[in-house]
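Worksheet: the structure to be examined is printed underneath.
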Amino acid sequence: MTAPLLELRQLAVSFATDDGTVRAVDGIDLALQRGRTLGLVGESGCGKSVTSLAIMGLLPPDHSRVSGEVRFEGRDLLKETPRTLRDLRGARLAMIFQEPMTSLNPAFTIGNQIVEAIRRHSDASPAEARAKAIEMLRLVRIPSPEKRVDDYPHKLSGGQRQRVMIAMALACGPDLLIADEPTTALDVTIQAQILDLMRGLRRDTGTAIILITHDLGVVAEMADDVAVMYAGQIVERADVKELFARPEHPYTVGLLGSIPKLDRRRERLPSIEGRVPDMSRPPQGCRFADRCPFVEPTCRAAVPALTEVAPGHLSRCRRAPLSGLLS
Amino acid sequence: MALRLIRAATPWRAPMTLLQVKGLVKHFPVTGGLFGRTSGQVRAVDGVDFEVGEGETLALVGESGCGKSTVGRLALRLIEPTAGSVRFEGEDLLALDAAAMRARRRRLQVIFQDPYASLNPRMTVGAMLGEPLKLHHLVGGESQRRARVAELLELVGLRPDHARRYPHEFSGGQRQRIAIARALAVEPRLIVADEPVSALDVSIQAQVINLMRALQKRFGLAYIFISHDLAVVKHIADRIAVMYLGRIVETASTDALFAEPRHPYTRALLSAVPLPDPTLVRDRALLEGDIPSAMSPPSGCRFHTRCPHARESCRRDDPPLVSDAQGHATACPWWPEFPPAPAVARASAEDQDRIRLDRLQAAFVSKEEA
């Protein structure tokens with residue numbers, strides 16, 4: 001296997017708050033190969049977005065503490081200067097967010113904003129950059145791009161704005177795209193268009209993608225591999241088909257059960273009772289213990305390690321493989 | 001034997017009608033400019049008819065701007081319609097004066113999407129639940145009120161001592177439970193729930209859906225469940241009305257709608273839903289373009305600008321919602337000519353994996369009941 005494009009080693013992020021230190025991300029190990037799509041899944045507050053901001057170097061230095069390693073092509077981004085990071089961001093690493101309106105500047109035309117991104121990272125002349133911007137808008141299937149390039153963001157629909165964000169993110173041909181809930185704010189027919197677009201672009205450009213989402217349907221459609229996060233930690237990691245067919249962490253089992261499905265109707269949805277632990281006082285043992293139907297006393301003694309339970313399939317559960325519980 | 005056959009053939013009878021909406025229209029004026037002149041109309045709801053029976057759940061589904069939330073507000077008379085009628089328990093709600101309408105509100109309640117915005121941050125939960133009891137003279141004295149508040153909290157899975165706390169002390173799912181308790185306080189017949197679980201995480205969403213179904217069974221409540229999420233709707237609704245640009249384009253029992261979606265928009269909506277099964281290979285019909293503006297909806301069939309089956313007459317003729325004998329109504333005259341919709345989903349996991357997962361998930365159900 002070749003060296004991974006991105007490798008996280010014991011990545012941890014903590015924030016100082018009035019209630020004490022909150023460990024939002026607590027020891028993430030992860031590797032992503034070129035051209036692959038990793039789905040990072042979990043519910044509000046599990047640390048998935050903070051992980052992505054840490055990779056991009058976008059956390060406020062005054063309020064957060066980041067430790068561990070973020071290795072991009074072997075070099076640790078946490079040790080790079082802000083200037084180097086600025087050069088990498090946009091050129092090699094790009095990010096799109098959930099709400100495109102807050103990421104686009106309302107005072108500039110979309111063309112201006114894409115041109116700025118292109119010229120920041122290349123020697124293109126203004127005319128060349130504009131031509132490239134129009135080409136990118138065509139690529140993301142904005143109708144009549146040579147006209148729309150001079151539009152302001154407010155003239156575009158939500159779906160079109162997200163297309164513009166994707167055009168901007170991909171303008172410099174990044175190796176890694178982090179997409180943080182890219183379709184969550186969109187209607188389902190528009191979401192289907194955007195996912196289809198992302199699949200096409202991935203095929204054509206070979207960009208690796210970290211797709212952050214709470215939507216297991218989106219993950220099933222887009223990801224090659226999945227990492228499930230709970231309370232700041234990865235609790236399960238596997239190939240997408242393996243994870244959905246044979247989940248090995250109780251949280252993943254519960255999560256898959258709680259989604260209402262189109263192909264079956266149950267009298268009661270299996271739901272996960274209770275709520276996530278307070279991250280300023282995380283429990284000593286397994287963080288899912290209080291909500292887990294399979295909990296036993298040893299689970300509360302220490303945080304279980306992320307261990308391989310089947311080839312390429314990791315679970316942070318002392319009771320895995322779970323089939324043993326069904327005798 | 002013969003007798004049994006006759007019994008089996010007895011047609012399904014609709015439950016008693018609780019709410020009946022006819023010809024409902026709501027146009028919002030668009031004002032602008034120096035003198036605030038009206039420059040146009042947003043035709044948010046443009047001719048909607050439906051009924052909700054006792055103890056039944058009708059889901060209104062559709063994408064942003066289709067008018068589903070406006071219909072919910074009109075049904076409660078929180079806003080006044082431009083035209084049409086709303087009859088509740090046989091009585092014309094639009095003819096009532098303010099005082100009479102207030103009294104009727106006891107029977108008609110609402111739950112909103114955002115429990116952060118719909119609960120008063122300065123009131124304790126106990127005060128919030130006690131207020132409607134006082135307002136509608138449902139309890140005698142202080143001790144009776146306290147007992148009823150405790151009972152309501154227990155009904156929605158909270159503890160009586162939660163009455164002393166403020167909304168900010170609760171999580172999103174718990175706040176939605178409080179909103180449900182407040183709606184239940186006045187013993188309503190119908191609750192309009194506008195995207196009640198959309199802001200919640202999936203594991204919490206399942207808790208609230210389960211709660212709403214349990215309460216419905218216990219009190220015979222009827223729901224108008226407004227949602228953009230077809231999978232959620234499948235779990236809670238008896239009947240579904242699909243809306244597009246201010247109109248209902250298809251309505252049917254939940255089973256019929258998912259088994260045989262007829263309107264091209266319903267089919268597109270179903271095929272756009274991402275399914276949590278990576279082994280599925282789907283042949284989906286992607287819709288082109290965006291939803292047109294409700295200020296100037298397309299002529300003829302409103303869906304013709306995005307419809308893969310549109311033909312010349314669709315630009316011209318506005319298709320009526322036509323029902324078959326089973327009550328499956330479609331606002332498209334061409335549907336019998338379309339090829340059958342591809343199956344929405346297929347059981348694809350290996351049987352043994354599926355059985356294993358079902359058995360593991362069963363442990364979550366029993367933990368919940370414990």
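Numbering starts fresh at 1 for the residues of each chain in the structure tokens, the chains themselves are lettered A, B, ... in the order given, and ligands are numbered from 1 as they appear.
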**Report entry** Interface residues on chain B facing chain A, 8 Å, only C-alpha atoms, written as JSON, numbers by chain
**Finding:** {"B": [63, 64, 201, 202, 203, 204, 205, 206, 207, 210, 228, 230, 231, 232, 234, 235, 268, 269, 272, 273, 274, 275, 276, 277, 278, 279, 286, 287, 288, 290, 344, 345, 346, 347, 349, 350, 353, 354, 356, 357, 359, 360, 361, 362, 363, 364, 365, 367, 368]}
Requested in this report: List every residue of segment 4-80 of chain A that DSSP, applied to the backbone, labels as strand (DSSP E or B), and write the result as a PyMOL selection string.
Outcome: chain A and resi 6-17+20-32+37-41+64-72+75-76
Query - DSSP-assigned alpha helix (DSSP H) among segment 150-285 of chain B, expressed as number ranges by chain - result: B: 150-155, 172-184, 202-219, 230-236, 254-259, 264-272
Query raised in the report: When you draw a straight line from atom CA of Leu96 of chain B to atom CA of Glu80 of chain B, how long is it in Å?
Result: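 That distance, rounded to one decimal, is 11.9 Å.
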Query raised in the report: Between A:Leu53, A:Asn112, A:Thr37, A:Leu77, which one has atoms that come closest to Arg9 of chain A, using only C-alpha atoms?
Result: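 Closest candidate: A:Leu77.
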Query raised in the report: Skipping near chain neighbours, those fewer than 2 positions away, what residues fall within 7 Å of Arg318 of chain A using only C-alpha atoms, listed as a ChimeraX atom specification?
Result: /A:299,304,316,320
Report task. Just the residues within 12 Å of Arg163 of chain A, please, counting only C-alpha atoms, with nothing from its chain fewer than 4 positions along; format it as a VMD selection string. Result -> chain A and resid 96 to 101 104 110 114 136 to 143 145 153 156 to 159 167 to 171 182 to 183 186 190 to 191 193 to 198 201
Written file, previous selection with C-alpha atoms, as a short mmCIF file (atom, residue, chain, number, x, y, z; two decimals), in the first residue's frame:
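What follows is the written file selection.cif:
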data_model
loop_
_atom_site.label_atom_id
_atom_site.label_comp_id
_atom_site.auth_asym_id
_atom_site.auth_seq_id
_atom_site.Cartn_x
_atom_site.Cartn_y
_atom_site.Cartn_z
CA ILE A 96 -16.89 23.32 1.58
CA PHE A 97 -19.38 24.04 4.30
CA GLN A 98 -23.04 23.38 4.99
CA GLU A 99 -24.35 26.87 4.42
CA PRO A 100 -22.83 28.31 1.26
CA MET A 101 -24.34 31.76 1.87
CA LEU A 104 -19.62 33.45 0.00
CA ILE A 110 -19.14 34.88 -7.76
CA ILE A 114 -13.40 32.27 -7.90
CA MET A 136 -15.37 25.72 -13.43
CA LEU A 137 -18.95 27.05 -13.33
CA ARG A 138 -19.70 25.04 -16.46
CA LEU A 139 -18.15 21.99 -14.84
CA VAL A 140 -20.51 22.26 -11.87
CA ARG A 141 -23.39 22.68 -14.32
CA ILE A 142 -24.37 26.27 -13.64
CA PRO A 143 -26.53 27.23 -16.64
CA PRO A 145 -21.91 30.35 -16.89
CA PRO A 153 -24.44 35.31 -4.53
CA LEU A 156 -28.46 32.25 -6.88
CA SER A 157 -30.58 29.51 -5.34
CA GLY A 158 -29.23 27.43 -2.44
CA GLY A 159 -28.29 24.57 -4.73
CA ALA A 167 -16.39 25.21 -8.24
CA MET A 168 -14.28 27.48 -6.04
CA ALA A 169 -12.97 24.61 -3.93
CA LEU A 170 -11.95 22.60 -6.97
CA ALA A 171 -10.62 25.50 -9.07
CA PRO A 182 -22.45 19.80 2.03
CA THR A 183 -26.08 18.93 1.28
CA LEU A 186 -30.63 21.53 0.59
CA ILE A 190 -31.32 19.33 -5.10
CA GLN A 191 -29.22 17.18 -2.76
CA GLN A 193 -28.11 16.72 -7.97
CA ILE A 194 -25.18 17.88 -5.83
CA LEU A 195 -24.20 14.35 -4.78
CA ASP A 196 -24.33 13.27 -8.42
CA LEU A 197 -22.10 16.23 -9.29
CA MET A 198 -19.61 15.36 -6.54
CA LEU A 201 -16.03 15.35 -10.20
#
Query raised in the report: Using only C-alpha atoms, which of A:Gln233, A:Thr207, A:Gln284, A:Thr81 sits nearest Arg34 of chain A?
Result: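 Of A:Gln233, A:Thr207, A:Gln284, A:Thr81, the one nearest Arg34 of chain A, counting only C-alpha atoms, is A:Thr207.
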Quick one: everything within 12 Å of Leu59 of chain A, counting only C-alpha atoms, minus sequence neighbours fewer than 5 positions away in the same chain. Send it as a PDB file with N, CA and C atoms, in the first residue's frame.
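Result file is selection.pdb:
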ATOM      1  N   VAL A  13      -8.202  17.770  20.270  1.00  0.00           N
ATOM      2  CA  VAL A  13      -8.498  19.199  20.325  1.00  0.00           C
ATOM      3  C   VAL A  13      -9.258  19.464  21.610  1.00  0.00           C
ATOM      4  N   SER A  14      -8.798  20.456  22.369  1.00  0.00           N
ATOM      5  CA  SER A  14      -9.579  20.832  23.544  1.00  0.00           C
ATOM      6  C   SER A  14      -9.820  22.331  23.540  1.00  0.00           C
ATOM      7  N   PHE A  15     -10.935  22.705  24.131  1.00  0.00           N
ATOM      8  CA  PHE A  15     -11.315  24.104  24.229  1.00  0.00           C
ATOM      9  C   PHE A  15     -11.423  24.472  25.700  1.00  0.00           C
ATOM     10  N   SER A  49     -16.832  17.895  12.996  1.00  0.00           N
ATOM     11  CA  SER A  49     -16.478  19.155  12.348  1.00  0.00           C
ATOM     12  C   SER A  49     -15.187  19.736  12.919  1.00  0.00           C
ATOM     13  N   VAL A  50     -15.008  19.583  14.229  1.00  0.00           N
ATOM     14  CA  VAL A  50     -13.779  20.086  14.856  1.00  0.00           C
ATOM     15  C   VAL A  50     -12.568  19.357  14.275  1.00  0.00           C
ATOM     16  N   THR A  51     -12.706  18.056  14.029  1.00  0.00           N
ATOM     17  CA  THR A  51     -11.625  17.296  13.406  1.00  0.00           C
ATOM     18  C   THR A  51     -11.248  17.914  12.063  1.00  0.00           C
ATOM     19  N   SER A  52     -12.263  18.248  11.268  1.00  0.00           N
ATOM     20  CA  SER A  52     -11.960  18.786   9.943  1.00  0.00           C
ATOM     21  C   SER A  52     -11.329  20.166  10.034  1.00  0.00           C
ATOM     22  N   LEU A  53     -11.787  20.973  10.977  1.00  0.00           N
ATOM     23  CA  LEU A  53     -11.189  22.305  11.134  1.00  0.00           C
ATOM     24  C   LEU A  53      -9.740  22.186  11.605  1.00  0.00           C
ATOM     25  N   ALA A  54      -9.463  21.179  12.426  1.00  0.00           N
ATOM     26  CA  ALA A  54      -8.090  20.964  12.886  1.00  0.00           C
ATOM     27  C   ALA A  54      -7.193  20.559  11.711  1.00  0.00           C
ATOM     28  N   SER A  64      -8.256  27.289  21.461  1.00  0.00           N
ATOM     29  CA  SER A  64      -8.222  25.839  21.304  1.00  0.00           C
ATOM     30  C   SER A  64      -6.794  25.334  21.427  1.00  0.00           C
ATOM     31  N   ARG A  65      -6.677  24.074  21.827  1.00  0.00           N
ATOM     32  CA  ARG A  65      -5.379  23.437  21.911  1.00  0.00           C
ATOM     33  C   ARG A  65      -5.427  22.186  21.054  1.00  0.00           C
ATOM     34  N   VAL A  66      -4.526  22.126  20.082  1.00  0.00           N
ATOM     35  CA  VAL A  66      -4.507  20.982  19.168  1.00  0.00           C
ATOM     36  C   VAL A  66      -3.224  20.211  19.418  1.00  0.00           C
ATOM     37  N   LEU A  78       0.549  20.521  11.615  1.00  0.00           N
ATOM     38  CA  LEU A  78       0.476  21.238  12.883  1.00  0.00           C
ATOM     39  C   LEU A  78       1.787  21.967  13.177  1.00  0.00           C
ATOM     40  N   PRO A  82       1.742  29.558   9.699  1.00  0.00           N
ATOM     41  CA  PRO A  82       0.459  29.996   9.150  1.00  0.00           C
ATOM     42  C   PRO A  82       0.576  30.332   7.654  1.00  0.00           C
TER      43      PRO A  82
END
Query raised in the report: Pick from B:Pro196, B:Pro340, B:Gly72, B:Gly246: nearest to Leu108 of chain B, with only C-alpha atoms counted?
Result: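 Among B:Pro196, B:Pro340, B:Gly72, B:Gly246, it is B:Gly72 that comes nearest to Leu108 of chain B.
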Report task. Record the distance separating atom CA of Leu74 of chain B and atom CA of Val197 of chain B, expressed in Å with one decimal. Result ->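 Between atom CA of Leu74 of chain B and atom CA of Val197 of chain B the gap is 21.1 Å.
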Query raised in the report: Nearest to Ala329 of chain B: which of B:Asp283, B:Glu56, B:Glu260, B:Asp194 is it, counting only C-alpha atoms?
Result: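 Ranked by minimum distance to Ala329 of chain B, first place goes to B:Glu260.
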**Report entry** Nearby residues (only C-alpha atoms) at most 12 Å from Gly300 of chain B, same-chain spacing under 2 positions excluded, as a list in words
**Finding:**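 Contacts, in chain order: Ser296, Pro297, Pro298, Arg302, Phe303, His304, Thr305, Ala310, Arg311, Glu312, Ser313, Cys314, Arg315, Arg316, Asp317, Asp318, Pro319, Pro320, Ala331 and Cys332 of chain B.
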**Report entry** Separation of atom CA of Val110 of chain B from atom CA of Gly65 of chain B, in Å and rounded to one decimal
**Finding:**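 Separation of atom CA of Val110 of chain B and atom CA of Gly65 of chain B: 19.8 Å.
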Report task. For segment 147-161 of chain B, please output as a list in words all residues within 8 Å (counting only C-alpha atoms; exclusion window: fewer than 2 positions along the same chain). Result ->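 Returned residues: Gly126, Leu129, Gly130, Ser143, Gln144, Arg145, Ala163, Arg164, Arg165, Gln174, Arg177, Ile178, Ile180, Ala181, Leu184, Ala185 and Leu211 of chain B.
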Using only N, CA and C atoms, please write the residues we just selected to a file, as an mmCIF file, in the first residue's frame.
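Output below, filename out_34.cif:
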data_model
loop_
_atom_site.group_PDB
_atom_site.id
_atom_site.type_symbol
_atom_site.label_atom_id
_atom_site.label_comp_id
_atom_site.auth_asym_id
_atom_site.auth_seq_id
_atom_site.Cartn_x
_atom_site.Cartn_y
_atom_site.Cartn_z
ATOM 1 N N GLY B 126 -42.714 24.039 34.517
ATOM 2 C CA GLY B 126 -43.972 23.919 35.256
ATOM 3 C C GLY B 126 -44.917 25.071 34.951
ATOM 4 N N LEU B 129 -46.328 24.696 31.395
ATOM 5 C CA LEU B 129 -47.372 23.684 31.244
ATOM 6 C C LEU B 129 -48.631 24.080 32.019
ATOM 7 N N GLY B 130 -48.454 24.849 33.100
ATOM 8 C CA GLY B 130 -49.593 25.249 33.926
ATOM 9 C C GLY B 130 -50.431 26.335 33.280
ATOM 10 N N SER B 143 -52.798 22.743 43.785
ATOM 11 C CA SER B 143 -52.303 21.373 43.959
ATOM 12 C C SER B 143 -52.734 20.497 42.790
ATOM 13 N N GLN B 144 -53.957 20.746 42.311
ATOM 14 C CA GLN B 144 -54.432 20.000 41.150
ATOM 15 C C GLN B 144 -53.560 20.293 39.935
ATOM 16 N N ARG B 145 -53.199 21.561 39.817
ATOM 17 C CA ARG B 145 -52.394 21.959 38.673
ATOM 18 C C ARG B 145 -51.036 21.278 38.732
ATOM 19 N N ALA B 163 -40.152 20.074 36.359
ATOM 20 C CA ALA B 163 -41.044 21.236 36.301
ATOM 21 C C ALA B 163 -40.370 22.506 36.808
ATOM 22 N N ARG B 164 -39.393 22.336 37.695
ATOM 23 C CA ARG B 164 -38.749 23.516 38.273
ATOM 24 C C ARG B 164 -37.658 24.101 37.376
ATOM 25 N N ARG B 165 -37.331 23.419 36.286
ATOM 26 C CA ARG B 165 -36.203 23.857 35.457
ATOM 27 C C ARG B 165 -36.639 24.750 34.304
ATOM 28 N N GLN B 174 -35.278 16.715 24.594
ATOM 29 C CA GLN B 174 -36.104 16.934 25.785
ATOM 30 C C GLN B 174 -37.008 18.145 25.601
ATOM 31 N N ARG B 177 -39.921 17.234 23.751
ATOM 32 C CA ARG B 177 -40.864 16.536 24.638
ATOM 33 C C ARG B 177 -41.692 17.540 25.443
ATOM 34 N N ILE B 178 -41.040 18.629 25.886
ATOM 35 C CA ILE B 178 -41.769 19.655 26.637
ATOM 36 C C ILE B 178 -42.824 20.302 25.742
ATOM 37 N N ILE B 180 -44.312 18.964 23.295
ATOM 38 C CA ILE B 180 -45.402 17.996 23.122
ATOM 39 C C ILE B 180 -46.288 17.981 24.371
ATOM 40 N N ALA B 181 -45.658 18.020 25.554
ATOM 41 C CA ALA B 181 -46.433 18.037 26.800
ATOM 42 C C ALA B 181 -47.331 19.274 26.849
ATOM 43 N N LEU B 184 -50.265 18.740 24.700
ATOM 44 C CA LEU B 184 -51.189 17.757 25.269
ATOM 45 C C LEU B 184 -51.986 18.286 26.450
ATOM 46 N N ALA B 185 -51.458 19.337 27.101
ATOM 47 C CA ALA B 185 -52.034 19.824 28.358
ATOM 48 C C ALA B 185 -53.525 20.091 28.228
ATOM 49 N N LEU B 211 -42.490 8.329 20.700
ATOM 50 C CA LEU B 211 -43.348 8.985 21.687
ATOM 51 C C LEU B 211 -44.640 9.485 21.032
#
